[in-house]
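Peer 1: One file is attached below, data_13.pdb, containing PDB, C-alpha atoms, pLDDT in the B column.
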ATOM      1  CA  MET L1009      85.710 -29.780  26.431  1.00 46.00           C
ATOM      2  CA  LEU L1010      83.208 -32.176  28.051  1.00 37.00           C
ATOM      3  CA  VAL L1011      81.677 -29.338  30.068  1.00 35.00           C
ATOM      4  CA  LEU L1012      81.422 -27.167  26.950  1.00 39.00           C
ATOM      5  CA  THR L1013      79.726 -29.989  25.034  1.00 45.00           C
ATOM      6  CA  LEU L1014      77.257 -30.534  27.879  1.00 37.00           C
ATOM      7  CA  LEU L1015      76.452 -26.827  28.120  1.00 39.00           C
ATOM      8  CA  THR L1016      75.919 -26.650  24.356  1.00 46.00           C
ATOM      9  CA  HIS L1017      73.529 -29.624  24.543  1.00 47.00           C
ATOM     10  CA  ILE L1018      71.589 -28.032  27.397  1.00 45.00           C
ATOM     11  CA  PHE L1019      71.378 -24.735  25.496  1.00 43.00           C
ATOM     12  CA  LEU L1020      70.027 -26.474  22.389  1.00 49.00           C
ATOM     13  CA  CYS L1021      67.434 -28.319  24.481  1.00 49.00           C
ATOM     14  CA  ALA L1022      66.393 -25.028  26.067  1.00 55.00           C
ATOM     15  CA  GLN L1023      66.020 -23.509  22.593  1.00 55.00           C
ATOM     16  CA  ARG L1024      63.660 -26.348  21.705  1.00 72.00           C
ATOM     17  CA  GLY L1025      61.534 -25.483  24.726  1.00 81.00           C
ATOM     18  CA  GLU L1026      62.257 -28.793  26.408  1.00 88.00           C
ATOM     19  CA  THR L1027      61.687 -29.490  30.078  1.00 90.00           C
ATOM     20  CA  ALA L1028      64.002 -31.564  32.247  1.00 90.00           C
ATOM     21  CA  LEU L1029      61.739 -34.534  31.501  1.00 94.00           C
ATOM     22  CA  HIS L1030      62.210 -34.101  27.749  1.00 94.00           C
ATOM     23  CA  MET L1031      65.965 -33.966  28.252  1.00 92.00           C
ATOM     24  CA  ALA L1032      66.069 -37.024  30.513  1.00 93.00           C
ATOM     25  CA  ALA L1033      63.947 -38.980  28.023  1.00 95.00           C
ATOM     26  CA  ARG L1034      66.270 -37.980  25.182  1.00 94.00           C
ATOM     27  CA  ALA L1035      69.328 -39.057  27.164  1.00 93.00           C
ATOM     28  CA  GLY L1036      67.781 -42.365  28.213  1.00 94.00           C
ATOM     29  CA  GLN L1037      68.115 -41.556  31.907  1.00 93.00           C
ATOM     30  CA  VAL L1038      65.544 -43.940  33.356  1.00 95.00           C
ATOM     31  CA  GLU L1039      66.138 -43.155  37.040  1.00 93.00           C
ATOM     32  CA  VAL L1040      66.045 -39.414  36.406  1.00 92.00           C
ATOM     33  CA  VAL L1041      62.769 -39.803  34.511  1.00 93.00           C
ATOM     34  CA  ARG L1042      61.371 -41.805  37.422  1.00 93.00           C
ATOM     35  CA  CYS L1043      62.518 -39.143  39.916  1.00 91.00           C
ATOM     36  CA  LEU L1044      61.070 -36.282  37.876  1.00 91.00           C
ATOM     37  CA  LEU L1045      57.712 -38.022  37.519  1.00 92.00           C
ATOM     38  CA  ARG L1046      57.557 -38.768  41.238  1.00 90.00           C
ATOM     39  CA  ASN L1047      58.160 -35.096  41.918  1.00 88.00           C
ATOM     40  CA  GLY L1048      55.415 -33.657  39.780  1.00 88.00           C
ATOM     41  CA  ALA L1049      56.987 -33.219  36.337  1.00 87.00           C
ATOM     42  CA  MET L1050      54.332 -32.618  33.669  1.00 92.00           C
ATOM     43  CA  VAL L1051      54.263 -35.904  31.789  1.00 94.00           C
ATOM     44  CA  ASP L1052      52.714 -34.357  28.653  1.00 92.00           C
ATOM     45  CA  ALA L1053      54.706 -31.104  28.651  1.00 93.00           C
ATOM     46  CA  ARG L1054      55.001 -29.657  25.143  1.00 92.00           C
ATOM     47  CA  ALA L1055      58.259 -28.569  23.538  1.00 90.00           C
ATOM     48  CA  ARG L1056      58.812 -27.114  20.072  1.00 87.00           C
ATOM     49  CA  GLU L1057      56.340 -28.471  17.497  1.00 87.00           C
ATOM     50  CA  ASP L1058      54.285 -29.780  20.454  1.00 90.00           C
ATOM     51  CA  GLN L1059      56.566 -32.751  21.075  1.00 94.00           C
ATOM     52  CA  THR L1060      56.043 -34.489  24.401  1.00 96.00           C
ATOM     53  CA  PRO L1061      58.635 -36.586  26.256  1.00 97.00           C
ATOM     54  CA  LEU L1062      56.778 -39.628  24.891  1.00 98.00           C
ATOM     55  CA  HIS L1063      57.443 -38.514  21.307  1.00 98.00           C
ATOM     56  CA  ILE L1064      61.149 -38.236  22.058  1.00 97.00           C
ATOM     57  CA  ALA L1065      61.398 -41.588  23.850  1.00 98.00           C
ATOM     58  CA  SER L1066      59.413 -43.265  21.061  1.00 98.00           C
ATOM     59  CA  ARG L1067      61.663 -41.833  18.355  1.00 97.00           C
ATOM     60  CA  LEU L1068      64.819 -43.020  20.080  1.00 97.00           C
ATOM     61  CA  GLY L1069      63.516 -46.451  21.046  1.00 97.00           C
ATOM     62  CA  LYS L1070      63.752 -45.841  24.798  1.00 97.00           C
ATOM     63  CA  THR L1071      61.276 -48.592  25.620  1.00 97.00           C
ATOM     64  CA  GLU L1072      61.639 -48.513  29.406  1.00 97.00           C
ATOM     65  CA  ILE L1073      61.105 -44.763  29.444  1.00 98.00           C
ATOM     66  CA  VAL L1074      58.077 -45.114  27.162  1.00 98.00           C
ATOM     67  CA  GLN L1075      56.631 -47.600  29.651  1.00 98.00           C
ATOM     68  CA  LEU L1076      57.342 -45.274  32.585  1.00 97.00           C
ATOM     69  CA  LEU L1077      55.712 -42.300  30.896  1.00 98.00           C
ATOM     70  CA  LEU L1078      52.634 -44.338  30.009  1.00 98.00           C
ATOM     71  CA  GLN L1079      52.389 -45.663  33.571  1.00 96.00           C
ATOM     72  CA  HIS L1080      52.240 -42.013  34.666  1.00 96.00           C
ATOM     73  CA  MET L1081      49.332 -41.371  32.278  1.00 96.00           C
ATOM     74  CA  ALA L1082      51.176 -39.901  29.312  1.00 96.00           C
ATOM     75  CA  HIS L1083      48.706 -39.489  26.452  1.00 97.00           C
ATOM     76  CA  PRO L1084      49.573 -42.248  23.933  1.00 97.00           C
ATOM     77  CA  ASP L1085      47.946 -40.314  21.081  1.00 97.00           C
ATOM     78  CA  ALA L1086      49.353 -36.839  21.779  1.00 97.00           C
ATOM     79  CA  ALA L1087      49.897 -35.147  18.412  1.00 96.00           C
ATOM     80  CA  THR L1088      52.579 -32.730  17.239  1.00 96.00           C
ATOM     81  CA  THR L1089      51.759 -29.641  15.186  1.00 95.00           C
ATOM     82  CA  ASN L1090      51.934 -31.856  12.070  1.00 95.00           C
ATOM     83  CA  GLY L1091      49.652 -34.466  13.601  1.00 96.00           C
ATOM     84  CA  TYR L1092      52.330 -37.044  14.401  1.00 98.00           C
ATOM     85  CA  THR L1093      51.556 -39.255  17.388  1.00 98.00           C
ATOM     86  CA  PRO L1094      54.253 -41.263  19.204  1.00 98.00           C
ATOM     87  CA  LEU L1095      53.122 -44.273  17.138  1.00 99.00           C
ATOM     88  CA  HIS L1096      53.721 -42.347  13.899  1.00 98.00           C
ATOM     89  CA  ILE L1097      57.200 -41.494  15.182  1.00 98.00           C
ATOM     90  CA  SER L1098      57.970 -45.102  16.149  1.00 98.00           C
ATOM     91  CA  SER L1099      56.730 -46.209  12.724  1.00 98.00           C
ATOM     92  CA  ARG L1100      58.980 -43.739  10.938  1.00 98.00           C
ATOM     93  CA  GLU L1101      62.044 -44.767  12.924  1.00 98.00           C
ATOM     94  CA  GLY L1102      61.375 -48.520  12.810  1.00 98.00           C
ATOM     95  CA  GLN L1103      61.113 -48.788  16.594  1.00 98.00           C
ATOM     96  CA  VAL L1104      59.011 -51.944  16.787  1.00 98.00           C
ATOM     97  CA  GLU L1105      59.373 -52.455  20.555  1.00 98.00           C
ATOM     98  CA  THR L1106      58.159 -48.971  21.419  1.00 98.00           C
ATOM     99  CA  ALA L1107      55.392 -49.301  18.822  1.00 98.00           C
ATOM    100  CA  SER L1108      54.250 -52.504  20.518  1.00 98.00           C
ATOM    101  CA  VAL L1109      54.245 -50.863  23.955  1.00 98.00           C
ATOM    102  CA  LEU L1110      52.243 -47.917  22.610  1.00 98.00           C
ATOM    103  CA  LEU L1111      49.651 -50.191  21.009  1.00 98.00           C
ATOM    104  CA  GLU L1112      49.311 -52.184  24.229  1.00 96.00           C
ATOM    105  CA  ALA L1113      48.642 -48.887  26.014  1.00 97.00           C
ATOM    106  CA  GLY L1114      45.798 -48.079  23.640  1.00 96.00           C
ATOM    107  CA  ALA L1115      47.523 -45.959  20.998  1.00 97.00           C
ATOM    108  CA  SER L1116      45.415 -45.725  17.852  1.00 97.00           C
ATOM    109  CA  HIS L1117      46.763 -47.119  14.584  1.00 97.00           C
ATOM    110  CA  SER L1118      44.092 -45.239  12.628  1.00 94.00           C
ATOM    111  CA  LEU L1119      44.859 -41.623  13.546  1.00 95.00           C
ATOM    112  CA  ALA L1120      46.156 -39.585  10.626  1.00 95.00           C
ATOM    113  CA  THR L1121      48.651 -36.750  10.312  1.00 95.00           C
ATOM    114  CA  LYS L1122      47.611 -33.439   8.780  1.00 93.00           C
ATOM    115  CA  LYS L1123      48.496 -34.959   5.408  1.00 91.00           C
ATOM    116  CA  GLY L1124      46.187 -37.867   6.132  1.00 92.00           C
ATOM    117  CA  PHE L1125      48.835 -40.505   6.789  1.00 95.00           C
ATOM    118  CA  THR L1126      48.340 -43.276   9.344  1.00 98.00           C
ATOM    119  CA  PRO L1127      51.248 -45.028  11.087  1.00 98.00           C
ATOM    120  CA  LEU L1128      51.043 -47.745   8.405  1.00 98.00           C
ATOM    121  CA  HIS L1129      51.535 -45.138   5.659  1.00 98.00           C
ATOM    122  CA  VAL L1130      54.586 -43.865   7.527  1.00 98.00           C
ATOM    123  CA  ALA L1131      56.044 -47.349   8.053  1.00 98.00           C
ATOM    124  CA  SER L1132      55.492 -48.052   4.347  1.00 98.00           C
ATOM    125  CA  LYS L1133      57.275 -44.876   3.286  1.00 97.00           C
ATOM    126  CA  TYR L1134      60.340 -45.437   5.454  1.00 98.00           C
ATOM    127  CA  GLY L1135      60.638 -49.197   5.020  1.00 97.00           C
ATOM    128  CA  SER L1136      59.902 -50.075   8.642  1.00 98.00           C
ATOM    129  CA  LEU L1137      59.016 -53.683   7.879  1.00 98.00           C
ATOM    130  CA  ASP L1138      58.687 -55.019  11.426  1.00 98.00           C
ATOM    131  CA  VAL L1139      56.482 -52.107  12.452  1.00 98.00           C
ATOM    132  CA  ALA L1140      54.315 -52.565   9.357  1.00 98.00           C
ATOM    133  CA  LYS L1141      53.868 -56.250  10.221  1.00 98.00           C
ATOM    134  CA  LEU L1142      52.976 -55.341  13.802  1.00 98.00           C
ATOM    135  CA  LEU L1143      50.389 -52.771  12.705  1.00 98.00           C
ATOM    136  CA  LEU L1144      48.783 -55.208  10.279  1.00 98.00           C
ATOM    137  CA  GLN L1145      48.720 -57.911  12.955  1.00 97.00           C
ATOM    138  CA  ARG L1146      46.874 -55.399  15.150  1.00 96.00           C
ATOM    139  CA  CYS L1147      44.260 -54.964  12.396  1.00 95.00           C
ATOM    140  CA  ALA L1148      45.461 -51.707  10.859  1.00 96.00           C
ATOM    141  CA  PRO L1149      43.528 -51.490   7.560  1.00 96.00           C
ATOM    142  CA  PRO L1150      45.911 -52.070   4.625  1.00 96.00           C
ATOM    143  CA  ASP L1151      43.844 -49.867   2.299  1.00 95.00           C
ATOM    144  CA  SER L1152      43.449 -46.799   4.521  1.00 93.00           C
ATOM    145  CA  ALA L1153      43.567 -43.736   2.274  1.00 92.00           C
ATOM    146  CA  GLY L1154      45.206 -40.377   2.918  1.00 87.00           C
ATOM    147  CA  LYS L1155      43.685 -37.062   1.888  1.00 83.00           C
ATOM    148  CA  ASN L1156      44.807 -37.555  -1.709  1.00 88.00           C
ATOM    149  CA  GLY L1157      43.645 -41.159  -1.729  1.00 93.00           C
ATOM    150  CA  TYR L1158      47.096 -42.697  -1.381  1.00 96.00           C
ATOM    151  CA  THR L1159      47.093 -46.028   0.452  1.00 97.00           C
ATOM    152  CA  PRO L1160      50.125 -47.647   2.111  1.00 98.00           C
ATOM    153  CA  LEU L1161      50.545 -49.748  -1.059  1.00 98.00           C
ATOM    154  CA  HIS L1162      50.718 -46.590  -3.190  1.00 98.00           C
ATOM    155  CA  ILE L1163      53.455 -45.314  -0.888  1.00 97.00           C
ATOM    156  CA  ALA L1164      55.374 -48.609  -0.906  1.00 98.00           C
ATOM    157  CA  ALA L1165      55.130 -48.821  -4.711  1.00 98.00           C
ATOM    158  CA  LYS L1166      56.401 -45.275  -5.176  1.00 97.00           C
ATOM    159  CA  LYS L1167      59.278 -45.763  -2.722  1.00 97.00           C
ATOM    160  CA  ASN L1168      60.131 -49.261  -4.048  1.00 98.00           C
ATOM    161  CA  GLN L1169      59.646 -50.885  -0.651  1.00 98.00           C
ATOM    162  CA  MET L1170      59.362 -54.441  -1.954  1.00 98.00           C
ATOM    163  CA  GLU L1171      59.130 -56.236   1.389  1.00 98.00           C
ATOM    164  CA  ILE L1172      56.517 -53.804   2.667  1.00 98.00           C
ATOM    165  CA  ALA L1173      54.472 -54.183  -0.517  1.00 98.00           C
ATOM    166  CA  THR L1174      54.649 -57.975  -0.243  1.00 98.00           C
ATOM    167  CA  VAL L1175      53.349 -57.905   3.330  1.00 98.00           C
ATOM    168  CA  LEU L1176      50.576 -55.434   2.459  1.00 98.00           C
ATOM    169  CA  LEU L1177      49.460 -57.706  -0.370  1.00 98.00           C
ATOM    170  CA  GLN L1178      49.492 -60.701   1.975  1.00 97.00           C
ATOM    171  CA  TYR L1179      47.067 -58.776   4.188  1.00 97.00           C
ATOM    172  CA  GLY L1180      44.719 -58.075   1.312  1.00 97.00           C
ATOM    173  CA  ALA L1181      45.810 -54.679   0.003  1.00 97.00           C
ATOM    174  CA  ASP L1182      44.028 -53.851  -3.262  1.00 96.00           C
ATOM    175  CA  THR L1183      46.473 -53.727  -6.191  1.00 96.00           C
ATOM    176  CA  ASN L1184      44.090 -51.658  -8.315  1.00 95.00           C
ATOM    177  CA  ILE L1185      42.876 -49.154  -5.744  1.00 94.00           C
ATOM    178  CA  LEU L1186      42.700 -45.597  -7.093  1.00 94.00           C
ATOM    179  CA  THR L1187      43.788 -42.270  -5.657  1.00 93.00           C
ATOM    180  CA  LYS L1188      41.539 -39.241  -6.156  1.00 91.00           C
ATOM    181  CA  GLN L1189      43.397 -38.660  -9.432  1.00 90.00           C
ATOM    182  CA  GLY L1190      42.793 -42.239 -10.548  1.00 91.00           C
ATOM    183  CA  VAL L1191      46.360 -43.428  -9.923  1.00 94.00           C
ATOM    184  CA  THR L1192      47.051 -47.066  -9.029  1.00 96.00           C
ATOM    185  CA  PRO L1193      50.124 -48.435  -7.231  1.00 97.00           C
ATOM    186  CA  LEU L1194      51.227 -49.875 -10.600  1.00 96.00           C
ATOM    187  CA  HIS L1195      51.126 -46.411 -12.174  1.00 95.00           C
ATOM    188  CA  LEU L1196      53.486 -45.138  -9.483  1.00 96.00           C
ATOM    189  CA  ALA L1197      55.880 -48.086  -9.699  1.00 96.00           C
ATOM    190  CA  SER L1198      55.990 -47.658 -13.486  1.00 95.00           C
ATOM    191  CA  GLN L1199      56.532 -43.910 -13.306  1.00 94.00           C
ATOM    192  CA  GLU L1200      59.448 -44.350 -10.908  1.00 96.00           C
ATOM    193  CA  GLY L1201      61.038 -47.128 -12.972  1.00 97.00           C
ATOM    194  CA  HIS L1202      60.635 -49.849 -10.346  1.00 97.00           C
ATOM    195  CA  ALA L1203      60.492 -52.919 -12.601  1.00 97.00           C
ATOM    196  CA  HIS L1204      60.470 -55.545  -9.852  1.00 97.00           C
ATOM    197  CA  MET L1205      57.719 -53.691  -7.999  1.00 97.00           C
ATOM    198  CA  ALA L1206      55.677 -53.473 -11.194  1.00 96.00           C
ATOM    199  CA  ALA L1207      56.127 -57.211 -11.755  1.00 96.00           C
ATOM    200  CA  LEU L1208      55.039 -57.954  -8.184  1.00 97.00           C
ATOM    201  CA  LEU L1209      51.884 -55.859  -8.535  1.00 96.00           C
ATOM    202  CA  ILE L1210      50.985 -57.441 -11.883  1.00 96.00           C
ATOM    203  CA  SER L1211      51.509 -60.917 -10.415  1.00 95.00           C
ATOM    204  CA  LYS L1212      48.975 -60.015  -7.709  1.00 94.00           C
ATOM    205  CA  GLY L1213      46.333 -58.788 -10.126  1.00 92.00           C
ATOM    206  CA  GLY L1214      47.498 -55.280 -10.992  1.00 85.00           C
ATOM    207  CA  ARG L1215      45.890 -54.229 -14.276  1.00 85.00           C
ATOM    208  CA  ALA L1216      48.486 -53.055 -16.782  1.00 74.00           C
ATOM    209  CA  MET L1217      45.792 -51.481 -19.000  1.00 68.00           C
ATOM    210  CA  CYS L1218      44.235 -49.324 -16.275  1.00 61.00           C
ATOM    211  CA  ARG L1219      44.138 -45.702 -17.493  1.00 61.00           C
ATOM    212  CA  LEU L1220      44.659 -42.522 -15.505  1.00 58.00           C
ATOM    213  CA  ARG L1221      41.546 -40.481 -14.798  1.00 58.00           C
ATOM    214  CA  TYR L1222      42.034 -36.791 -15.625  1.00 52.00           C
TER     215      TYR L1222
END
Show how you would write the structure in this file as structure tokens.

Peer 2:
Amino acid sequence: MLVLTLLTHIFLCAQRGETALHMAARAGQVEVVRCLLRNGAMVDARAREDQTPLHIASRLGKTEIVQLLLQHMAHPDAATTNGYTPLHISSREGQVETASVLLEAGASHSLATKKGFTPLHVASKYGSLDVAKLLLQRCAPPDSAGKNGYTPLHIAAKKNQMEIATVLLQYGADTNILTKQGVTPLHLASQEGHAHMAALLISKGGRAMCRLRY
């Protein structure tokens, strides 16, 4: 049964176009990763959706492997087909330690996905509070706008991420900032029925009489 499970796992990894380095990173095999890198493994090899071993290690919080890959010149801002960098992935998964390592290695907190979302947008959507705090401490702009004009506060308001919204406001996020359609964070909180979020935004200067722009 164990052999069958292992073979199935290897087959699935092969289907994803993963190299041995991808697989070792996924499994958290630090010594194997070190051996592969010493013997010429392509550190930025691309699997399905252009994921590199660094994306995989970042998603799973394999901090030591992230450090190893970066020491061997892995690109900290390598992007998937959707524009997700390892920092976006760490932000989505709440992996604050790997996010910190990536930032120390020069990863950009301002790069956007194809939808225009920065790592702070992603952390705000998924409630990754510690990562959001880290990004803001590293000077990620709290009012960065996606393609539709949504800021991290818009995202937090829509998703009812109270703690994230509180931190964003502490770092100066604009409560009345408009999307391209003229929508404020308060509009979104109200639409979704998030009463406590609406109260928070109003207490920080959100204008209850602000009208949508059609």

Peer 1: Exactly which residues make up the result of the PyMOL selection byres ((chain L and resi 1214) around 10) on this file, given as a PyMOL selection string?

Peer 2: chain L and resi 1182-1185+1192-1195+1206-1213+1215-1218

Peer 1: Could you check the closest approach to L:Val1104 for each of L:Phe1125, L:Ala1086, L:Leu1068, L:Gln1079 and tell me which residue wins, using all atoms listed in the file?

Peer 2: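 Looking only at the distances to L:Val1104, the closest residue turns out to be L:Leu1068.
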
Peer 1: Can you list, as a PyMOL selection string, the residues that the PyMOL selection byres ((chain L and resi 1116) around 12) selects here?

Peer 2: chain L and resi 1083-1087+1092-1096+1107-1115+1117-1120+1126-1128+1143+1146-1149

Peer 1: I need the residue nearest L:Gln1189 from this list: L:Gly1157, L:Arg1042, L:Ala1203, L:His1162. Use all atoms listed in the file for the distance.

Peer 2: L:Gly1157

Peer 1: Taking the file as I've supplied it (selection: the PyMOL selection byres ((chain L and resi 1101) around 9)), which residues are included? Please answer as a PyMOL selection string.

Peer 2: chain L and resi 1066-1069+1096-1100+1102-1104+1131+1134+1136

Peer 1: Near L:Pro1061, counting all atoms listed in the file, which residues have an atom at most 7 Å away, once you skip same-chain residues fewer than 6 positions from it, shown as a list in words?

Peer 2: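 Counting only the stated atoms, we get Leu1029, His1030, Ala1033 and Asp1052 of chain L.
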
Peer 1: To one decimal place, how far is atom CA of L:Thr1071 from atom CA of L:Arg1056 in Å?

Peer 2: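 Computed distance, atom CA of L:Thr1071 to atom CA of L:Arg1056, equals 22.3 Å.
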
Peer 1: Quick one: of L:Gly1201, L:Glu1026, L:Lys1167, L:Ala1153, who's nearest to L:Glu1057, counting all atoms listed in the file?

Peer 2: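 Looking at the shortest contact to L:Glu1057, the residue is L:Glu1026.
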
Peer 1: What's the 8 Å shell around L:Pro1160, counting all atoms listed in the file, without same-chain residues fewer than 5 positions away, as a compact mmCIF listing (two decimals) with C-alpha atoms, in the coordinates of the input?

Peer 2:
# COMPACT_ATOMS: atom_id res chain seq x y z
CA LEU L 1128 51.04 -47.74 8.40
CA HIS L 1129 51.54 -45.14 5.66
CA VAL L 1130 54.59 -43.86 7.53
CA SER L 1132 55.49 -48.05 4.35
CA LYS L 1133 57.28 -44.88 3.29
CA PRO L 1150 45.91 -52.07 4.62
CA ASP L 1151 43.84 -49.87 2.30
CA SER L 1152 43.45 -46.80 4.52
CA ALA L 1153 43.57 -43.74 2.27
CA LEU L 1176 50.58 -55.43 2.46

Peer 1: Would you mind reading off the distance between atom CA of L:Leu1177 and atom CA of L:Gln1145, one decimal, in Å?

Peer 2: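 It comes out at 13.3 Å.
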
Peer 1: Which value, in Å to one decimal, gives the distance between atom CA of L:Gly1190 and atom CA of L:Glu1171?

Peer 2: 24.6 Å

Peer 1: Counting all atoms listed in the file, what is within 8 Å of L:Ala1164, bar same-chain residues fewer than 5 positions away, as a ChimeraX atom specification?

Peer 2: /L:1132-1133,1135,1169-1170,1172-1173

Peer 1: Neighbouring residues of L:Ala1035 were defined as those with any atom within 10 Å, considering all atoms listed in the file; residues of the same chain fewer than 3 positions away were excluded. Please report them as number ranges by chain.

Peer 2: L: 1029-1032, 1038, 1040-1041, 1064-1065, 1068, 1070

Peer 1: Starting from the incomplete input, reconstruct N, CA and C atoms of stretch 1198-1214 of chain L and report them as a compact mmCIF listing (two decimals), in the frame of the given file.

Peer 2:
# COMPACT_ATOMS: atom_id res chain seq x y z
N SER L 1198 55.56 -47.82 -12.09
CA SER L 1198 55.99 -47.66 -13.49
C SER L 1198 56.63 -46.29 -13.71
N GLN L 1199 56.01 -45.27 -13.16
CA GLN L 1199 56.53 -43.91 -13.31
C GLN L 1199 57.93 -43.78 -12.72
N GLU L 1200 58.16 -44.45 -11.59
CA GLU L 1200 59.45 -44.35 -10.91
C GLU L 1200 60.49 -45.33 -11.45
N GLY L 1201 60.10 -46.19 -12.38
CA GLY L 1201 61.04 -47.13 -12.97
C GLY L 1201 61.35 -48.33 -12.11
N HIS L 1202 60.41 -48.72 -11.25
CA HIS L 1202 60.64 -49.85 -10.35
C HIS L 1202 60.10 -51.14 -11.00
N ALA L 1203 60.94 -51.77 -11.80
CA ALA L 1203 60.49 -52.92 -12.60
C ALA L 1203 60.06 -54.10 -11.74
N HIS L 1204 60.82 -54.40 -10.70
CA HIS L 1204 60.47 -55.54 -9.85
C HIS L 1204 59.16 -55.29 -9.10
N MET L 1205 58.97 -54.05 -8.67
CA MET L 1205 57.72 -53.69 -8.00
C MET L 1205 56.55 -53.84 -8.97
N ALA L 1206 56.73 -53.35 -10.19
CA ALA L 1206 55.68 -53.47 -11.19
C ALA L 1206 55.33 -54.94 -11.44
N ALA L 1207 56.36 -55.78 -11.53
CA ALA L 1207 56.13 -57.21 -11.76
C ALA L 1207 55.37 -57.84 -10.58
N LEU L 1208 55.74 -57.44 -9.37
CA LEU L 1208 55.04 -57.95 -8.18
C LEU L 1208 53.56 -57.59 -8.23
N LEU L 1209 53.27 -56.33 -8.52
CA LEU L 1209 51.88 -55.86 -8.54
C LEU L 1209 51.07 -56.57 -9.62
N ILE L 1210 51.68 -56.74 -10.79
CA ILE L 1210 50.98 -57.44 -11.88
C ILE L 1210 50.71 -58.89 -11.50
N SER L 1211 51.69 -59.52 -10.82
CA SER L 1211 51.51 -60.92 -10.42
C SER L 1211 50.38 -61.08 -9.40
N LYS L 1212 50.04 -59.98 -8.71
CA LYS L 1212 48.98 -60.02 -7.71
C LYS L 1212 47.68 -59.39 -8.22
N GLY L 1213 47.59 -59.24 -9.54
CA GLY L 1213 46.33 -58.79 -10.13
C GLY L 1213 46.31 -57.35 -10.59
N GLY L 1214 47.45 -56.66 -10.52
CA GLY L 1214 47.50 -55.28 -10.99
C GLY L 1214 47.21 -55.21 -12.49
